[in-house]
$ cat my_file.txt   # compact mmCIF, N, CA and C atoms
# COMPACT_ATOMS: atom_id res chain seq x y z
N MET F 1 81.43 98.27 132.02
CA MET F 1 82.81 98.61 132.28
C MET F 1 83.76 97.48 131.88
N GLU F 2 83.36 96.25 132.22
CA GLU F 2 84.21 95.11 131.90
C GLU F 2 84.32 94.92 130.39
N ASP F 3 83.21 95.19 129.67
CA ASP F 3 83.23 95.06 128.22
C ASP F 3 84.21 96.05 127.60
N THR F 4 84.20 97.29 128.09
CA THR F 4 85.12 98.31 127.58
C THR F 4 86.55 97.92 127.87
N ALA F 5 86.82 97.43 129.06
CA ALA F 5 88.18 97.01 129.41
C ALA F 5 88.63 95.85 128.54
N ALA F 6 87.73 94.94 128.25
CA ALA F 6 88.07 93.79 127.41
C ALA F 6 88.37 94.23 125.98
N VAL F 7 87.59 95.17 125.47
CA VAL F 7 87.82 95.68 124.12
C VAL F 7 89.16 96.42 124.06
N LEU F 8 89.42 97.27 125.04
CA LEU F 8 90.69 97.99 125.08
C LEU F 8 91.86 97.04 125.20
N SER F 9 91.71 96.01 125.99
CA SER F 9 92.77 95.02 126.15
C SER F 9 93.02 94.29 124.83
N ALA F 10 91.96 93.95 124.14
CA ALA F 10 92.09 93.26 122.85
C ALA F 10 92.75 94.17 121.82
N LEU F 11 92.40 95.45 121.82
CA LEU F 11 93.00 96.40 120.88
C LEU F 11 94.49 96.61 121.15
N GLU F 12 94.87 96.62 122.42
CA GLU F 12 96.28 96.79 122.77
C GLU F 12 97.12 95.60 122.35
N ALA F 13 96.50 94.44 122.20
CA ALA F 13 97.23 93.24 121.79
C ALA F 13 97.55 93.23 120.30
N ILE F 14 96.85 94.06 119.52
CA ILE F 14 97.08 94.11 118.07
C ILE F 14 98.33 94.96 117.81
N PRO F 15 99.32 94.41 117.12
CA PRO F 15 100.53 95.20 116.83
C PRO F 15 100.27 96.21 115.71
N LEU F 16 100.21 97.46 116.06
CA LEU F 16 99.99 98.52 115.08
C LEU F 16 101.28 99.31 114.88
N PRO F 17 101.48 99.85 113.67
CA PRO F 17 102.67 100.67 113.46
C PRO F 17 102.57 101.98 114.24
N SER F 18 103.72 102.52 114.59
CA SER F 18 103.74 103.79 115.33
C SER F 18 103.38 104.95 114.41
N ASP F 19 103.08 106.10 115.01
CA ASP F 19 102.78 107.30 114.22
C ASP F 19 103.94 107.64 113.30
N GLY F 20 105.15 107.51 113.81
CA GLY F 20 106.33 107.81 113.00
C GLY F 20 106.46 106.88 111.81
N ASP F 21 106.14 105.60 112.00
CA ASP F 21 106.21 104.64 110.89
C ASP F 21 105.18 104.97 109.82
N VAL F 22 103.97 105.27 110.23
CA VAL F 22 102.91 105.62 109.27
C VAL F 22 103.29 106.89 108.52
N LEU F 23 103.79 107.87 109.23
CA LEU F 23 104.19 109.13 108.60
C LEU F 23 105.32 108.91 107.60
N LEU F 24 106.26 108.06 107.94
CA LEU F 24 107.37 107.76 107.05
C LEU F 24 106.86 107.11 105.77
N VAL F 25 105.98 106.14 105.89
CA VAL F 25 105.43 105.46 104.71
C VAL F 25 104.65 106.45 103.84
N MET F 26 103.85 107.30 104.48
CA MET F 26 103.08 108.29 103.72
C MET F 26 103.98 109.23 102.93
N HIS F 27 105.06 109.68 103.56
CA HIS F 27 105.93 110.65 102.89
C HIS F 27 106.86 110.00 101.87
N VAL F 28 107.26 108.78 102.10
CA VAL F 28 108.03 108.07 101.09
C VAL F 28 107.15 107.84 99.86
N ALA F 29 105.89 107.46 100.08
CA ALA F 29 104.96 107.27 98.96
C ALA F 29 104.73 108.58 98.21
N LEU F 30 104.52 109.67 98.93
CA LEU F 30 104.30 110.96 98.29
C LEU F 30 105.53 111.41 97.52
N LEU F 31 106.70 111.26 98.11
CA LEU F 31 107.93 111.66 97.43
C LEU F 31 108.17 110.79 96.20
N GLY F 32 107.93 109.49 96.31
CA GLY F 32 108.09 108.61 95.16
C GLY F 32 107.13 108.97 94.03
N LEU F 33 105.89 109.24 94.38
CA LEU F 33 104.89 109.63 93.40
C LEU F 33 105.25 110.96 92.76
N LEU F 34 105.73 111.89 93.56
CA LEU F 34 106.13 113.20 93.05
C LEU F 34 107.29 113.08 92.08
N LEU F 35 108.32 112.32 92.44
CA LEU F 35 109.48 112.15 91.56
C LEU F 35 109.07 111.44 90.27
N PHE F 36 108.25 110.40 90.38
CA PHE F 36 107.79 109.70 89.19
C PHE F 36 106.99 110.63 88.27
N ALA F 37 106.13 111.45 88.86
CA ALA F 37 105.31 112.38 88.07
C ALA F 37 106.18 113.42 87.38
N ILE F 38 107.22 113.90 88.05
CA ILE F 38 108.12 114.87 87.44
C ILE F 38 108.87 114.24 86.27
N VAL F 39 109.35 113.02 86.46
CA VAL F 39 110.05 112.32 85.37
C VAL F 39 109.11 112.10 84.19
N ARG F 40 107.86 111.68 84.46
CA ARG F 40 106.89 111.50 83.38
C ARG F 40 106.62 112.81 82.64
N GLU F 41 106.52 113.90 83.40
CA GLU F 41 106.28 115.21 82.79
C GLU F 41 107.44 115.62 81.89
N LEU F 42 108.66 115.45 82.38
CA LEU F 42 109.84 115.79 81.58
C LEU F 42 109.92 114.92 80.33
N TYR F 43 109.62 113.64 80.47
CA TYR F 43 109.64 112.73 79.32
C TYR F 43 108.60 113.17 78.28
N ALA F 44 107.41 113.55 78.73
CA ALA F 44 106.36 114.01 77.81
C ALA F 44 106.78 115.28 77.10
N ARG F 45 107.47 116.17 77.79
CA ARG F 45 107.93 117.41 77.15
C ARG F 45 109.00 117.12 76.10
N VAL F 46 109.87 116.18 76.39
CA VAL F 46 110.91 115.80 75.41
C VAL F 46 110.25 115.19 74.18
N LYS F 47 109.28 114.30 74.39
CA LYS F 47 108.57 113.70 73.26
C LYS F 47 107.81 114.75 72.45
N ALA F 48 107.18 115.69 73.13
CA ALA F 48 106.44 116.74 72.43
C ALA F 48 107.39 117.62 71.62
N GLY F 49 108.59 117.84 72.14
CA GLY F 49 109.59 118.63 71.43
C GLY F 49 110.08 117.93 70.17
N ARG F 50 109.95 116.61 70.14
CA ARG F 50 110.37 115.83 68.96
C ARG F 50 109.22 115.60 67.99
N GLY F 51 108.11 116.24 68.22
CA GLY F 51 107.00 116.16 67.29
C GLY F 51 105.95 115.12 67.61
N ALA F 52 105.95 114.58 68.81
CA ALA F 52 104.93 113.60 69.19
C ALA F 52 103.58 114.30 69.33
N THR F 53 102.53 113.54 69.16
CA THR F 53 101.19 114.07 69.29
C THR F 53 100.88 114.37 70.75
N THR F 54 100.30 115.52 70.99
CA THR F 54 99.90 115.89 72.36
C THR F 54 98.40 116.13 72.39
N PHE F 55 97.81 115.94 73.56
CA PHE F 55 96.38 116.12 73.74
C PHE F 55 96.13 117.10 74.86
N THR F 56 95.00 117.78 74.77
CA THR F 56 94.57 118.66 75.84
C THR F 56 93.25 118.10 76.38
N VAL F 57 93.23 117.88 77.68
CA VAL F 57 92.02 117.37 78.31
C VAL F 57 91.39 118.51 79.10
N THR F 58 90.14 118.79 78.80
CA THR F 58 89.41 119.83 79.53
C THR F 58 88.42 119.14 80.45
N ARG F 59 88.56 119.37 81.72
CA ARG F 59 87.68 118.75 82.71
C ARG F 59 86.43 119.60 82.88
N GLY F 60 85.31 118.94 83.04
CA GLY F 60 84.05 119.63 83.28
C GLY F 60 83.97 120.14 84.70
N GLU F 61 82.93 120.91 84.97
CA GLU F 61 82.76 121.52 86.30
C GLU F 61 82.59 120.47 87.39
N ARG F 62 81.83 119.43 87.11
CA ARG F 62 81.62 118.35 88.09
C ARG F 62 82.92 117.60 88.36
N SER F 63 83.64 117.31 87.30
CA SER F 63 84.91 116.60 87.44
C SER F 63 85.92 117.42 88.24
N MET F 64 85.96 118.72 88.00
CA MET F 64 86.88 119.59 88.75
C MET F 64 86.47 119.69 90.21
N ALA F 65 85.17 119.64 90.47
CA ALA F 65 84.70 119.67 91.86
C ALA F 65 85.15 118.41 92.60
N ILE F 66 85.05 117.26 91.92
CA ILE F 66 85.51 116.01 92.53
C ILE F 66 87.02 116.06 92.74
N LEU F 67 87.75 116.54 91.74
CA LEU F 67 89.21 116.67 91.84
C LEU F 67 89.60 117.55 93.02
N THR F 68 88.93 118.68 93.16
CA THR F 68 89.21 119.60 94.26
C THR F 68 88.88 118.95 95.61
N GLY F 69 87.81 118.19 95.67
CA GLY F 69 87.45 117.50 96.91
C GLY F 69 88.48 116.45 97.30
N ILE F 70 88.96 115.70 96.33
CA ILE F 70 90.00 114.70 96.60
C ILE F 70 91.28 115.39 97.06
N PHE F 71 91.62 116.50 96.41
CA PHE F 71 92.80 117.27 96.80
C PHE F 71 92.69 117.76 98.24
N ALA F 72 91.55 118.36 98.58
CA ALA F 72 91.35 118.89 99.93
C ALA F 72 91.42 117.78 100.97
N THR F 73 90.83 116.63 100.66
CA THR F 73 90.88 115.50 101.57
C THR F 73 92.31 115.01 101.76
N SER F 74 93.07 114.95 100.68
CA SER F 74 94.47 114.50 100.75
C SER F 74 95.30 115.45 101.60
N VAL F 75 95.15 116.75 101.37
CA VAL F 75 95.89 117.74 102.16
C VAL F 75 95.51 117.62 103.63
N GLY F 76 94.22 117.46 103.89
CA GLY F 76 93.76 117.32 105.27
C GLY F 76 94.31 116.07 105.95
N LEU F 77 94.34 114.96 105.23
CA LEU F 77 94.87 113.72 105.81
C LEU F 77 96.36 113.82 106.12
N TYR F 78 97.12 114.42 105.21
CA TYR F 78 98.55 114.59 105.47
C TYR F 78 98.79 115.54 106.65
N ALA F 79 98.04 116.65 106.70
CA ALA F 79 98.19 117.58 107.82
C ALA F 79 97.80 116.94 109.14
N LEU F 80 96.73 116.15 109.13
CA LEU F 80 96.30 115.46 110.34
C LEU F 80 97.33 114.45 110.80
N ALA F 81 97.91 113.71 109.88
CA ALA F 81 98.94 112.73 110.24
C ALA F 81 100.14 113.42 110.88
N ILE F 82 100.48 114.60 110.39
CA ILE F 82 101.61 115.35 110.95
C ILE F 82 101.26 115.85 112.35
N GLN F 83 100.05 116.34 112.53
CA GLN F 83 99.64 116.84 113.84
C GLN F 83 99.57 115.73 114.89
N VAL F 84 99.15 114.55 114.48
CA VAL F 84 99.02 113.43 115.40
C VAL F 84 100.39 112.92 115.83
N ALA F 85 101.35 112.95 114.92
CA ALA F 85 102.70 112.44 115.22
C ALA F 85 103.51 113.51 115.95
N ASP F 86 103.00 113.95 117.06
CA ASP F 86 103.55 115.07 117.82
C ASP F 86 104.98 114.83 118.29
N ASP F 87 105.24 113.70 118.89
CA ASP F 87 106.54 113.45 119.50
C ASP F 87 107.62 113.19 118.46
N VAL F 88 107.25 112.82 117.25
CA VAL F 88 108.22 112.48 116.21
C VAL F 88 108.74 113.72 115.49
N LEU F 89 107.91 114.75 115.36
CA LEU F 89 108.21 115.88 114.48
C LEU F 89 108.44 117.20 115.21
N VAL F 90 109.01 117.17 116.35
CA VAL F 90 109.22 118.41 117.11
C VAL F 90 110.05 119.38 116.26
N GLY F 91 109.48 120.54 115.97
CA GLY F 91 110.18 121.57 115.23
C GLY F 91 110.20 121.40 113.72
N ARG F 92 109.51 120.40 113.19
CA ARG F 92 109.54 120.16 111.74
C ARG F 92 108.15 120.11 111.10
N LYS F 93 107.13 120.37 111.86
CA LYS F 93 105.76 120.25 111.36
C LYS F 93 105.47 121.24 110.23
N SER F 94 105.86 122.49 110.41
CA SER F 94 105.56 123.51 109.40
C SER F 94 106.19 123.17 108.07
N PHE F 95 107.43 122.70 108.10
CA PHE F 95 108.10 122.33 106.85
C PHE F 95 107.36 121.20 106.15
N LEU F 96 107.01 120.15 106.89
CA LEU F 96 106.34 119.01 106.27
C LEU F 96 104.95 119.38 105.75
N ILE F 97 104.22 120.19 106.49
CA ILE F 97 102.89 120.61 106.02
C ILE F 97 103.03 121.43 104.74
N ALA F 98 104.01 122.34 104.69
CA ALA F 98 104.23 123.14 103.48
C ALA F 98 104.67 122.24 102.32
N PHE F 99 105.58 121.30 102.58
CA PHE F 99 106.03 120.39 101.53
C PHE F 99 104.85 119.58 100.98
N ASP F 100 104.05 119.03 101.87
CA ASP F 100 102.90 118.24 101.44
C ASP F 100 101.94 119.06 100.59
N PHE F 101 101.67 120.29 101.03
CA PHE F 101 100.75 121.15 100.29
C PHE F 101 101.29 121.45 98.90
N VAL F 102 102.56 121.81 98.81
CA VAL F 102 103.16 122.12 97.50
C VAL F 102 103.19 120.88 96.62
N ALA F 103 103.59 119.73 97.17
CA ALA F 103 103.67 118.50 96.39
C ALA F 103 102.29 118.08 95.88
N LEU F 104 101.30 118.10 96.76
CA LEU F 104 99.95 117.70 96.36
C LEU F 104 99.33 118.70 95.38
N THR F 105 99.60 119.99 95.57
CA THR F 105 99.10 121.00 94.62
C THR F 105 99.69 120.76 93.24
N TYR F 106 101.00 120.51 93.18
CA TYR F 106 101.63 120.24 91.89
C TYR F 106 101.02 119.00 91.25
N LEU F 107 100.89 117.92 92.02
CA LEU F 107 100.37 116.68 91.46
C LEU F 107 98.94 116.84 90.96
N PHE F 108 98.08 117.46 91.74
CA PHE F 108 96.67 117.55 91.38
C PHE F 108 96.37 118.57 90.29
N PHE F 109 97.09 119.69 90.29
CA PHE F 109 96.70 120.78 89.40
C PHE F 109 97.71 121.14 88.32
N PHE F 110 98.95 120.68 88.42
CA PHE F 110 99.96 121.09 87.45
C PHE F 110 100.64 119.93 86.74
N ASN F 111 100.41 118.71 87.14
CA ASN F 111 101.04 117.56 86.51
C ASN F 111 99.98 116.82 85.70
N ASP F 112 100.14 116.85 84.38
CA ASP F 112 99.13 116.27 83.49
C ASP F 112 98.95 114.77 83.71
N TRP F 113 100.05 114.04 83.89
CA TRP F 113 99.95 112.59 84.07
C TRP F 113 99.12 112.25 85.30
N PHE F 114 99.44 112.86 86.43
CA PHE F 114 98.73 112.53 87.67
C PHE F 114 97.27 112.95 87.59
N ARG F 115 97.03 114.17 87.14
CA ARG F 115 95.66 114.70 87.10
C ARG F 115 94.79 113.93 86.11
N ASN F 116 95.30 113.66 84.92
CA ASN F 116 94.47 113.05 83.88
C ASN F 116 94.48 111.52 83.91
N ASP F 117 95.65 110.93 84.04
CA ASP F 117 95.73 109.47 83.97
C ASP F 117 95.36 108.79 85.29
N VAL F 118 95.78 109.34 86.39
CA VAL F 118 95.53 108.70 87.68
C VAL F 118 94.19 109.15 88.25
N ILE F 119 94.07 110.43 88.56
CA ILE F 119 92.85 110.93 89.19
C ILE F 119 91.70 110.97 88.19
N GLY F 120 91.99 111.39 86.96
CA GLY F 120 90.94 111.48 85.94
C GLY F 120 90.29 110.14 85.67
N THR F 121 91.10 109.09 85.60
CA THR F 121 90.57 107.75 85.38
C THR F 121 89.68 107.33 86.55
N ALA F 122 90.11 107.62 87.76
CA ALA F 122 89.31 107.29 88.94
C ALA F 122 87.99 108.06 88.94
N ILE F 123 88.03 109.34 88.57
CA ILE F 123 86.81 110.14 88.51
C ILE F 123 85.87 109.60 87.45
N ASP F 124 86.42 109.26 86.28
CA ASP F 124 85.59 108.74 85.19
C ASP F 124 84.91 107.43 85.61
N ARG F 125 85.65 106.55 86.28
CA ARG F 125 85.06 105.28 86.73
C ARG F 125 83.98 105.53 87.78
N TYR F 126 84.22 106.50 88.65
CA TYR F 126 83.23 106.84 89.68
C TYR F 126 81.95 107.35 89.02
N GLN F 127 82.11 108.21 88.02
CA GLN F 127 80.93 108.79 87.36
C GLN F 127 80.18 107.75 86.54
N GLU F 128 80.88 106.74 85.99
CA GLU F 128 80.22 105.67 85.24
C GLU F 128 79.32 104.84 86.14
N LYS F 129 79.73 104.64 87.38
CA LYS F 129 78.97 103.81 88.32
C LYS F 129 77.72 104.52 88.84
N ARG F 130 77.67 105.82 88.74
CA ARG F 130 76.54 106.57 89.27
C ARG F 130 75.42 106.64 88.29
$ encode --input "my_file.txt" --output "structure tokens"
Amino acid sequence: MEDTAAVLSALEAIPLPSDGDVLLVMHVALLGLLLFAIVRELYARVKAGRGATTFTVTRGERSMAILTGIFATSVGLYALAIQVADDVLVGRKSFLIAFDFVALTYLFFFNDWFRNDVIGTAIDRYQEKR
């Protein structure tokens, strides 16, 4: 019993950010990434319209399975963070969960830069190590 009390006391002494602070950082990061990805996509379309070379990347079945797993984990983490931050988001949870789902779906499955350059590179490095 004393060991548990000592551990809990030690943990309480560590200054941790509040649920609201963590949620704010997560959503600012997601919004920043989303806006950057949209700007990159628009820039790529303008370049393609001017005759720049474009590439098509076809992901294999294993790579798509990893991509889908990362997507599902990301959606789950954002939804969990929203559920945990109960006192901060009274009446706004559904909106944030829907926003996160739409933003992450766009990034993972409809934005070429994010899917191929960011996630694709991570998947390729993961597969090289195996």
$ closest_residue --input "my_file.txt" --among "F:Val118, F:Val75, F:Val25, F:Leu107" --to "Ile38 of chain F" --atoms "only C-alpha atoms"
F:Leu107
$ atom_distance --input "my_file.txt" --atom1 "atom CA of Val22 of chain F" --atom2 "atom CA of Thr121 of chain F"
27.0 Å
$ atom_distance --input "my_file.txt" --atom1 "atom C of Asp87 of chain F" --atom2 "atom C of Leu23 of chain F"
11.9 Å
$ atom_distance --input "my_file.txt" --atom1 "atom CA of Thr68 of chain F" --atom2 "atom CA of Leu89 of chain F"
28.0 Å
$ closest_residue --input "my_file.txt" --among "F:Ala79, F:Leu24, F:Leu31, F:Met64" --to "Ser94 of chain F" --atoms "only C-alpha atoms"
F:Ala79
$ select_by_dssp --input "my_file.txt" --residues "chain F" --states "alpha helix (DSSP H)" --output "PyMOL selection string"
chain F and resi 2-13+19-49+61-84+93-105+112+120-129
$ residues_around --input "my_file.txt" --residues "Asp86 of chain F" --least-positions-apart "5" --cutoff "8 Å" --atoms "all atoms listed in the file" --output "number ranges by chain"
F: 19-20, 81, 91
$ residues_around --input "my_file.txt" --residues "segment 42-52 of chain F" --least-positions-apart "6" --cutoff "12 Å" --atoms "only C-alpha atoms" --output "list in words"
Leu35, Phe36, Asn111, Asp112 and Trp113 of chain F
$ closest_residue --input "my_file.txt" --among "F:Leu104, F:Ile97, F:Ile70, F:Val28" --to "Ile82 of chain F" --atoms "only N, CA and C atoms"
F:Ile97
$ closest_residue --input "my_file.txt" --among "F:Leu34, F:Gln83, F:Asp124, F:Leu11" --to "Tyr106 of chain F" --atoms "only N, CA and C atoms"
F:Leu34
$ build_atoms --input "my_file.txt" --residues "segment 84-95 of chain F" --atoms "all heavy atoms" --output "compact mmCIF listing (two decimals), in the frame of the given file"
# COMPACT_ATOMS: atom_id res chain seq x y z
N VAL F 84 99.15 114.55 114.48
CA VAL F 84 99.02 113.43 115.40
C VAL F 84 100.39 112.92 115.83
O VAL F 84 100.59 112.51 116.97
CB VAL F 84 98.18 112.31 114.76
CG1 VAL F 84 98.25 111.03 115.57
CG2 VAL F 84 96.73 112.76 114.62
N ALA F 85 101.35 112.95 114.92
CA ALA F 85 102.70 112.44 115.22
C ALA F 85 103.51 113.51 115.95
O ALA F 85 104.57 113.94 115.52
CB ALA F 85 103.39 112.03 113.93
N ASP F 86 103.00 113.95 117.06
CA ASP F 86 103.55 115.07 117.82
C ASP F 86 104.98 114.83 118.29
O ASP F 86 105.85 115.67 118.10
CB ASP F 86 102.66 115.33 119.02
CG ASP F 86 102.54 116.79 119.35
OD1 ASP F 86 103.01 117.61 118.54
OD2 ASP F 86 101.96 117.11 120.39
N ASP F 87 105.24 113.70 118.89
CA ASP F 87 106.54 113.45 119.50
C ASP F 87 107.62 113.19 118.46
O ASP F 87 108.80 113.35 118.73
CB ASP F 87 106.47 112.26 120.46
CG ASP F 87 105.90 111.01 119.82
OD1 ASP F 87 105.14 111.14 118.84
OD2 ASP F 87 106.21 109.90 120.30
N VAL F 88 107.25 112.82 117.25
CA VAL F 88 108.22 112.48 116.21
C VAL F 88 108.74 113.72 115.49
O VAL F 88 109.89 113.77 115.08
CB VAL F 88 107.56 111.53 115.18
CG1 VAL F 88 108.52 111.17 114.07
CG2 VAL F 88 107.06 110.28 115.88
N LEU F 89 107.91 114.75 115.36
CA LEU F 89 108.21 115.88 114.48
C LEU F 89 108.44 117.20 115.21
O LEU F 89 108.11 118.25 114.66
CB LEU F 89 107.07 116.06 113.49
CG LEU F 89 106.83 114.88 112.57
CD1 LEU F 89 105.58 115.09 111.76
CD2 LEU F 89 108.02 114.68 111.67
N VAL F 90 109.01 117.17 116.35
CA VAL F 90 109.22 118.41 117.11
C VAL F 90 110.05 119.38 116.26
O VAL F 90 111.16 119.06 115.84
CB VAL F 90 109.91 118.11 118.45
CG1 VAL F 90 110.22 119.40 119.18
CG2 VAL F 90 109.06 117.20 119.30
N GLY F 91 109.48 120.54 115.97
CA GLY F 91 110.18 121.57 115.23
C GLY F 91 110.20 121.40 113.72
O GLY F 91 110.83 122.18 113.02
N ARG F 92 109.51 120.40 113.19
CA ARG F 92 109.54 120.16 111.74
C ARG F 92 108.15 120.11 111.10
O ARG F 92 108.02 119.83 109.92
CB ARG F 92 110.26 118.85 111.46
CG ARG F 92 111.74 118.93 111.79
CD ARG F 92 112.42 117.61 111.59
NE ARG F 92 113.84 117.72 111.85
CZ ARG F 92 114.38 117.60 113.05
NH1 ARG F 92 113.61 117.42 114.11
NH2 ARG F 92 115.68 117.71 113.21
N LYS F 93 107.13 120.37 111.86
CA LYS F 93 105.76 120.25 111.36
C LYS F 93 105.47 121.24 110.23
O LYS F 93 104.89 120.87 109.21
CB LYS F 93 104.75 120.46 112.48
CG LYS F 93 104.67 119.32 113.44
CD LYS F 93 103.60 119.61 114.47
CE LYS F 93 103.51 118.50 115.47
NZ LYS F 93 102.46 118.75 116.45
N SER F 94 105.86 122.49 110.41
CA SER F 94 105.56 123.51 109.40
C SER F 94 106.19 123.17 108.07
O SER F 94 105.56 123.31 107.01
CB SER F 94 106.06 124.88 109.87
OG SER F 94 105.38 125.27 111.02
N PHE F 95 107.43 122.70 108.10
CA PHE F 95 108.10 122.33 106.85
C PHE F 95 107.36 121.20 106.15
O PHE F 95 107.11 121.26 104.95
CB PHE F 95 109.56 121.91 107.10
CG PHE F 95 110.19 121.30 105.89
CD1 PHE F 95 110.64 122.11 104.86
CD2 PHE F 95 110.31 119.93 105.76
CE1 PHE F 95 111.19 121.55 103.71
CE2 PHE F 95 110.86 119.36 104.63
CZ PHE F 95 111.31 120.17 103.60
